[in-house]
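Undergrad: The structure's right below; bear with me while I get my questions together.
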Amino acid sequence: MILTTTNTIEGFKIIEYKGIVTGTSFEMKTKFSFKVEKSKDITKAVINEAKEHAFQELQDNAKNLNANAVVGISFDIETVNGSYFFVLVVGTAVNVA
């Protein structure tokens with residue numbers, strides 16, 4: 001499956017628009033460390049895990065529409081008190097040839 005933030009895919013033509021698809025992460029809670037470097041590493045790992053989960057859900061939702069690509073993807077990350085992270089990805093599921 002092709003995933004892109006652009007509205008077109010070089011070398012491909014969009015032949016059918018399937019609809020808007022989303023992917024969300026579940027609530028991800030970080031741990032806390034008094035060491036700044038360790039806290040940064042923990043936060044980075046949690047954000048990456050949340051992002052991967054959201055993108056996997058986006059792909060699954062696109063596959064359910066029989067799409068082979070998602071274009072125009074936007075990515076949003078929200079935090080609550082710097083401890084909980086949520087990721088949302090949105091794009092348009094399409095068929096390309």
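Letters for chains follow the order of the structure tokens (A, B, ...), residue numbers begin at 1 for each chain, and ligand numbers begin at 1 in the order shown.
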In chain A, what's alpha helix (DSSP H) per DSSP? Answer as a PyMOL selection string?

TA: chain A and resi 36-64

Undergrad: At a cut-off of 8 Å, using only C-alpha atoms, what residues contact Tyr17 of chain A? Leave out same-chain residues fewer than 3 positions from it and give the result as a count of residues only.

TA: 5

Undergrad: How many Å separate atom CA of Thr79 of chain A from atom CA of Asp60 of chain A?

TA: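 Distance reported for this atom pair: 24.6 Å.
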
Undergrad: So that I can see what lies close to segment 3-10 of chain A, please list as a list in words the residues with an atom at most 12 Å from it, counting only C-alpha atoms and leaving out residues fewer than 3 positions away in the same chain.

TA: Lys13, Ile14, Ile15, Tyr17, Val21, Phe55, Gln56, Leu58, Gln59, Ala62, Ala67, Asn68, Ala69, Val70, Val71, Gly72, Ile73, Ser74, Phe75, Val89, Val90, Gly91, Thr92, Ala93, Val94, Asn95, Val96 and Ala97 of chain A

Undergrad: For the structure I just gave you, how does DSSP split chain A - specifically, which residues are strand (DSSP E)? Reply as a PyMOL selection string.

TA: chain A and resi 2-3+14-24+28-29+69-80+84-96

Undergrad: Between atom CA of Leu88 of chain A and atom CA of Lys38 of chain A, what is the distance, to one decimal in Å?

TA: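 Atom CA of Leu88 of chain A sits 25.6 Å away from atom CA of Lys38 of chain A.
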
Undergrad: Could you work out how far atom CA of Ser25 of chain A lies from atom CA of Asp41 of chain A, giving the answer in Å with one decimal?

TA: 19.1 Å
